[in-house]
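Okay, model-v5.pdb now, which holds PDB, C-alpha atoms:
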ATOM      1  CA  MET D   1     -17.205   5.009  24.458
ATOM      2  CA  THR D   2     -16.994   8.043  22.141
ATOM      3  CA  GLY D   3     -18.899   6.607  19.188
ATOM      4  CA  ASP D   4     -15.960   7.152  16.805
ATOM      5  CA  PRO D   5     -14.450   3.718  15.966
ATOM      6  CA  GLY D   6     -10.974   5.162  15.367
ATOM      7  CA  VAL D   7     -10.921   7.022  18.673
ATOM      8  CA  ASP D   8     -12.369   4.014  20.510
ATOM      9  CA  ALA D   9      -9.662   1.739  19.070
ATOM     10  CA  LEU D  10      -6.962   4.202  20.118
ATOM     11  CA  ILE D  11      -8.374   4.394  23.660
ATOM     12  CA  GLN D  12      -8.523   0.593  23.865
ATOM     13  CA  GLN D  13      -4.923   0.295  22.651
ATOM     14  CA  TRP D  14      -3.761   2.899  25.161
ATOM     15  CA  ALA D  15      -5.655   1.153  27.978
ATOM     16  CA  ALA D  16      -4.172  -2.226  26.987
ATOM     17  CA  GLU D  17      -0.662  -0.766  27.013
ATOM     18  CA  ARG D  18      -1.241   0.727  30.466
ATOM     19  CA  GLU D  19      -2.386  -2.665  31.787
ATOM     20  CA  GLN D  20       0.720  -4.534  30.590
ATOM     21  CA  SER D  21       2.803  -6.312  33.164
ATOM     22  CA  ALA D  22       6.471  -5.528  33.651
ATOM     23  CA  GLU D  23       7.316  -8.690  31.724
ATOM     24  CA  ASP D  24       5.141  -7.624  28.730
ATOM     25  CA  ARG D  25       6.779  -4.184  28.675
ATOM     26  CA  GLU D  26      10.246  -5.796  28.724
ATOM     27  CA  ILE D  27       9.268  -8.120  25.841
ATOM     28  CA  ASN D  28       8.025  -5.173  23.769
ATOM     29  CA  GLN D  29      11.173  -3.191  24.543
ATOM     30  CA  ILE D  30      13.453  -6.071  23.493
ATOM     31  CA  ALA D  31      11.437  -6.657  20.309
ATOM     32  CA  SER D  32      11.609  -2.954  19.398
ATOM     33  CA  ALA D  33      15.380  -2.866  19.990
ATOM     34  CA  TRP D  34      15.870  -6.039  17.955
ATOM     35  CA  LEU D  35      13.839  -4.664  15.035
ATOM     36  CA  ALA D  36      15.753  -1.383  15.155
ATOM     37  CA  ASP D  37      19.049  -3.286  14.825
ATOM     38  CA  ALA D  38      17.860  -5.383  11.865
ATOM     39  CA  PRO D  39      19.844  -4.709   8.681
ATOM     40  CA  GLN D  40      18.072  -2.422   6.243
ATOM     41  CA  SER D  41      18.061  -3.814   2.707
ATOM     42  CA  ALA D  42      17.458  -1.785  -0.410
ATOM     43  CA  PRO D  43      14.128  -2.532  -2.087
ATOM     44  CA  GLY D  44      14.162  -4.391  -5.363
ATOM     45  CA  ILE D  45      11.665  -5.118  -8.077
ATOM     46  CA  PRO D  46       8.656  -7.065  -6.733
ATOM     47  CA  GLY D  47       8.534 -10.672  -7.831
ATOM     48  CA  GLN D  48      12.256 -11.102  -8.376
ATOM     49  CA  ARG D  49      13.966 -12.854  -5.534
ATOM     50  CA  LYS D  50      17.514 -14.022  -5.046
ATOM     51  CA  ARG D  51      16.319 -17.329  -3.602
ATOM     52  CA  SER D  52      12.985 -18.970  -3.102
ATOM     53  CA  GLY D  53      11.140 -18.430   0.131
ATOM     54  CA  ALA D  54      11.027 -15.284   2.195
ATOM     55  CA  ALA D  55      14.357 -13.861   1.044
ATOM     56  CA  THR D  56      14.937 -10.186   0.373
ATOM     57  CA  TRP D  57      14.071  -8.608  -2.971
ATOM     58  CA  ALA D  58      16.750  -8.851  -5.644
ATOM     59  CA  GLN D  59      18.161  -5.725  -7.217
ATOM     60  CA  VAL D  60      17.649  -5.367 -10.974
ATOM     61  CA  ASP D  61      20.634  -3.998 -12.815
ATOM     62  CA  ALA D  62      19.777  -1.596 -15.588
ATOM     63  CA  ASP D  63      20.719  -2.638 -19.099
ATOM     64  CA  PRO D  64      23.727  -0.558 -20.248
ATOM     65  CA  SER D  65      22.001   0.204 -23.573
ATOM     66  CA  TYR D  66      19.087   1.803 -21.685
ATOM     67  CA  LEU D  67      21.448   3.810 -19.527
ATOM     68  CA  ALA D  68      23.374   5.022 -22.581
ATOM     69  CA  ALA D  69      20.163   6.041 -24.383
ATOM     70  CA  MET D  70      18.820   7.819 -21.309
ATOM     71  CA  ARG D  71      22.148   9.518 -20.588
ATOM     72  CA  ALA D  72      22.169  10.849 -24.175
ATOM     73  CA  ARG D  73      18.721  12.401 -23.663
ATOM     74  CA  LEU D  74      19.219  13.551 -20.072
ATOM     75  CA  PRO D  75      22.938  14.235 -19.508
ATOM     76  CA  GLU D  76      22.393  16.325 -16.354
ATOM     77  CA  VAL D  77      20.373  13.698 -14.427
ATOM     78  CA  PRO D  78      22.194  11.790 -11.646
ATOM     79  CA  GLU D  79      23.263   8.216 -12.432
ATOM     80  CA  ASP D  80      21.199   6.587  -9.668
ATOM     81  CA  LEU D  81      17.984   8.209 -10.943
ATOM     82  CA  LEU D  82      18.743   7.109 -14.501
ATOM     83  CA  ALA D  83      19.441   3.558 -13.301
ATOM     84  CA  ALA D  84      16.135   3.427 -11.417
ATOM     85  CA  ALA D  85      14.151   4.720 -14.409
ATOM     86  CA  ALA D  86      15.995   2.399 -16.810
ATOM     87  CA  GLY D  87      15.187  -0.559 -14.547
ATOM     88  CA  TRP D  88      11.471   0.130 -14.965
ATOM     89  CA  TRP D  89      11.636   0.937 -18.670
ATOM     90  CA  GLN D  90      13.533  -2.222 -19.560
ATOM     91  CA  MET D  91      10.690  -4.302 -18.126
ATOM     92  CA  ILE D  92       8.228  -3.008 -20.759
ATOM     93  CA  GLY D  93      10.247  -3.464 -23.891
ATOM     94  CA  ASP D  94      13.377  -2.668 -25.783
ATOM     95  CA  VAL D  95      15.241   0.603 -26.162
ATOM     96  CA  ALA D  96      13.528   1.327 -29.483
ATOM     97  CA  GLU D  97      10.059   1.248 -27.868
ATOM     98  CA  ALA D  98      11.220   3.445 -24.997
ATOM     99  CA  ALA D  99      12.679   5.869 -27.559
ATOM    100  CA  GLN D 100       9.274   6.009 -29.301
ATOM    101  CA  TRP D 101       7.648   7.074 -26.023
ATOM    102  CA  TRP D 102      10.362   9.670 -25.484
ATOM    103  CA  ASP D 103       9.944  11.020 -29.035
ATOM    104  CA  ALA D 104       6.166  11.186 -28.508
ATOM    105  CA  GLY D 105       6.650  13.573 -25.597
ATOM    106  CA  ILE D 106       7.009  11.374 -22.500
ATOM    107  CA  SER D 107      10.214  11.937 -20.559
ATOM    108  CA  PRO D 108      12.339   8.863 -19.834
ATOM    109  CA  LEU D 109      11.934   9.688 -16.146
ATOM    110  CA  ASP D 110       8.114   9.857 -16.353
ATOM    111  CA  GLN D 111       6.903   6.493 -15.096
ATOM    112  CA  ARG D 112       3.303   7.326 -16.044
ATOM    113  CA  ALA D 113       4.129   6.015 -19.520
ATOM    114  CA  LEU D 114       4.050   2.541 -17.983
ATOM    115  CA  ASP D 115       0.450   3.208 -16.890
ATOM    116  CA  TYR D 116      -0.413   4.605 -20.311
ATOM    117  CA  ARG D 117       1.014   1.525 -21.988
ATOM    118  CA  ALA D 118      -0.835  -0.797 -19.607
ATOM    119  CA  ALA D 119      -4.091   1.014 -20.408
ATOM    120  CA  GLY D 120      -3.613   0.272 -24.102
ATOM    121  CA  LEU D 121      -2.066   3.459 -25.448
ATOM    122  CA  ALA D 122       0.790   3.377 -27.943
ATOM    123  CA  PRO D 123       3.327   6.159 -28.517
ATOM    124  CA  SER D 124       1.636   6.948 -31.848
ATOM    125  CA  ASP D 125      -1.670   7.554 -30.024
ATOM    126  CA  LEU D 126      -0.267  10.498 -28.052
ATOM    127  CA  ALA D 127      -0.327  12.817 -31.082
ATOM    128  CA  ARG D 128      -3.915  11.924 -32.086
ATOM    129  CA  ARG D 129      -6.556  14.540 -31.490
ATOM    130  CA  LEU D 130      -9.532  14.074 -29.204
ATOM    131  CA  GLY D 131     -11.481  17.223 -29.829
ATOM    132  CA  PRO D 132      -9.352  20.347 -29.546
ATOM    133  CA  LEU D 133      -6.559  18.586 -27.584
ATOM    134  CA  THR D 134      -4.170  15.765 -28.353
ATOM    135  CA  VAL D 135      -4.191  12.617 -26.234
ATOM    136  CA  LEU D 136      -0.941  13.743 -24.596
ATOM    137  CA  GLU D 137      -2.486  17.105 -23.687
ATOM    138  CA  HIS D 138      -5.513  15.316 -22.202
ATOM    139  CA  LEU D 139      -3.209  13.082 -20.137
ATOM    140  CA  ARG D 140      -1.190  16.056 -18.920
ATOM    141  CA  ARG D 141      -4.411  17.754 -17.823
ATOM    142  CA  GLY D 142      -5.346  14.727 -15.721
ATOM    143  CA  SER D 143      -7.597  12.675 -17.981
ATOM    144  CA  ALA D 144      -7.533   8.962 -17.232
ATOM    145  CA  PRO D 145      -5.631   6.814 -19.736
ATOM    146  CA  ALA D 146      -8.631   4.452 -19.930
ATOM    147  CA  TRP D 147     -10.849   7.387 -20.953
ATOM    148  CA  CYS D 148      -8.428   8.297 -23.742
ATOM    149  CA  VAL D 149      -8.318   4.680 -24.938
ATOM    150  CA  ALA D 150     -12.127   4.510 -24.983
ATOM    151  CA  ARG D 151     -12.393   7.798 -26.899
ATOM    152  CA  LEU D 152      -9.793   6.624 -29.441
ATOM    153  CA  ALA D 153     -11.676   3.352 -29.922
ATOM    154  CA  ARG D 154     -14.923   5.247 -30.451
ATOM    155  CA  GLN D 155     -13.198   7.581 -32.895
ATOM    156  CA  ARG D 156     -11.886   4.582 -34.875
ATOM    157  CA  ARG D 157     -15.333   2.945 -34.842
ATOM    158  CA  ASP D 158     -16.986   6.125 -36.119
ATOM    159  CA  ALA D 159     -14.365   6.477 -38.868
ATOM    160  CA  ALA D 160     -14.896   2.874 -39.990
ATOM    161  CA  SER D 161     -18.650   3.227 -40.354
TER     162      SER D 161
END
Kindly present the structure from the file in structure tokens form.
Amino acid sequence: MTGDPGVDALIQQWAAEREQSAEDREINQIASAWLADAPQSAPGIPGQRKRSGAATWAQVDADPSYLAAMRARLPEVPEDLLAAAAGWWQMIGDVAEAAQWWDAGISPLDQRALDYRAAGLAPSDLARRLGPLTVLEHLRRGSAPAWCVARLARQRRDAAS
């Protein structure tokens, strides 16, 4: 046809829709109406289900101690945003660890700290210097957490030898 696979697929889809029988069009119309009427459920945390099988995702309630700590640091932030952030933070550790990240310069609402932690960074690493910048400054400028971890490991290796 045109040589572009995306355009060719769109033309084929359009041609197939034009060739549908009246019965096929009615089936598609009923299916679309049925899907539009389906109840919309709020998303939950992946992997936590109310029941086994193909049930909807379960909501995770934020720990009140996390909410209290976050509310103390961010009093002007809406409750629903705090609850969402607290739900993610409580999965990585306790309030004391989250407070260490906050004290190191990562906002409680900044979910990138979860990526930093998964890459192997600790809150104490954020203040370490990699050249003229700290690790936190490198991260804020767009450096990959894995790069920072590798540079810190090299720095430790060089200091040990």
- request: Kindly give the distance, in Å, that separates CA of Ala159 (chain D) and CA of Leu130 (chain D), rounded to a single decimal.
  value: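 According to the coordinates, CA of Ala159 (chain D) and CA of Leu130 (chain D) are separated by 13.2 Å.
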task: Starting from the shown file, work through the PyMOL selection byres ((chain D and resi 123-128) around 9) and note down what comes out as a PyMOL selection string.
output: chain D and resi 97+100-106+117+121-122+129-130+133-137+139+149+152
Which residues would end up in the selection if the PyMOL selection byres ((chain D and resi 65) around 12) were applied here, given that I need the answer as a PDB file with C-alpha atoms, in the frame of the given file?
ATOM      1  CA  ASP D  61      20.634  -3.998 -12.815  1.00  0.00           C
ATOM      2  CA  ALA D  62      19.777  -1.596 -15.588  1.00  0.00           C
ATOM      3  CA  ASP D  63      20.719  -2.638 -19.099  1.00  0.00           C
ATOM      4  CA  PRO D  64      23.727  -0.558 -20.248  1.00  0.00           C
ATOM      5  CA  TYR D  66      19.087   1.803 -21.685  1.00  0.00           C
ATOM      6  CA  LEU D  67      21.448   3.810 -19.527  1.00  0.00           C
ATOM      7  CA  ALA D  68      23.374   5.022 -22.581  1.00  0.00           C
ATOM      8  CA  ALA D  69      20.163   6.041 -24.383  1.00  0.00           C
ATOM      9  CA  MET D  70      18.820   7.819 -21.309  1.00  0.00           C
ATOM     10  CA  ARG D  71      22.148   9.518 -20.588  1.00  0.00           C
ATOM     11  CA  ALA D  72      22.169  10.849 -24.175  1.00  0.00           C
ATOM     12  CA  LEU D  82      18.743   7.109 -14.501  1.00  0.00           C
ATOM     13  CA  ALA D  83      19.441   3.558 -13.301  1.00  0.00           C
ATOM     14  CA  ALA D  86      15.995   2.399 -16.810  1.00  0.00           C
ATOM     15  CA  GLY D  87      15.187  -0.559 -14.547  1.00  0.00           C
ATOM     16  CA  TRP D  89      11.636   0.937 -18.670  1.00  0.00           C
ATOM     17  CA  GLN D  90      13.533  -2.222 -19.560  1.00  0.00           C
ATOM     18  CA  ASP D  94      13.377  -2.668 -25.783  1.00  0.00           C
ATOM     19  CA  VAL D  95      15.241   0.603 -26.162  1.00  0.00           C
ATOM     20  CA  ALA D  96      13.528   1.327 -29.483  1.00  0.00           C
ATOM     21  CA  ALA D  98      11.220   3.445 -24.997  1.00  0.00           C
ATOM     22  CA  ALA D  99      12.679   5.869 -27.559  1.00  0.00           C
TER      23      ALA D  99
END
- request: Go through the shown structure with the PyMOL selection byres ((chain D and resi 114) around 10) and write out the matching residues as a list in words.
  value: Trp88, Trp89, Met91, Ile92, Trp101, Asp110, Gln111, Arg112, Ala113, Asp115, Tyr116, Arg117, Ala118, Ala119 and Leu121 of chain D
Those same residues - C-alpha atoms - I'd like them written as a PDB file, in the frame of the given file.
ATOM      1  CA  TRP D  88      11.471   0.130 -14.965  1.00  0.00           C
ATOM      2  CA  TRP D  89      11.636   0.937 -18.670  1.00  0.00           C
ATOM      3  CA  MET D  91      10.690  -4.302 -18.126  1.00  0.00           C
ATOM      4  CA  ILE D  92       8.228  -3.008 -20.759  1.00  0.00           C
ATOM      5  CA  TRP D 101       7.648   7.074 -26.023  1.00  0.00           C
ATOM      6  CA  ASP D 110       8.114   9.857 -16.353  1.00  0.00           C
ATOM      7  CA  GLN D 111       6.903   6.493 -15.096  1.00  0.00           C
ATOM      8  CA  ARG D 112       3.303   7.326 -16.044  1.00  0.00           C
ATOM      9  CA  ALA D 113       4.129   6.015 -19.520  1.00  0.00           C
ATOM     10  CA  ASP D 115       0.450   3.208 -16.890  1.00  0.00           C
ATOM     11  CA  TYR D 116      -0.413   4.605 -20.311  1.00  0.00           C
ATOM     12  CA  ARG D 117       1.014   1.525 -21.988  1.00  0.00           C
ATOM     13  CA  ALA D 118      -0.835  -0.797 -19.607  1.00  0.00           C
ATOM     14  CA  ALA D 119      -4.091   1.014 -20.408  1.00  0.00           C
ATOM     15  CA  LEU D 121      -2.066   3.459 -25.448  1.00  0.00           C
TER      16      LEU D 121
END
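The space separating CA of Glu17 (chain D) from CA of Ala33 (chain D) comes to 17.6 Å.
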field: Of the listed residues D:Arg25, D:Trp14, D:Gly120, D:Arg73, that which approaches Trp147 (chain D) most closely, counting all atoms listed in the file
entry: D:Gly120
- prompt: Could you state the separation of CA of Asp37 (chain D) and CA of Glu23 (chain D) in Å, given to one decimal place?
  reply: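 Distance between the two atoms: 21.3 Å.
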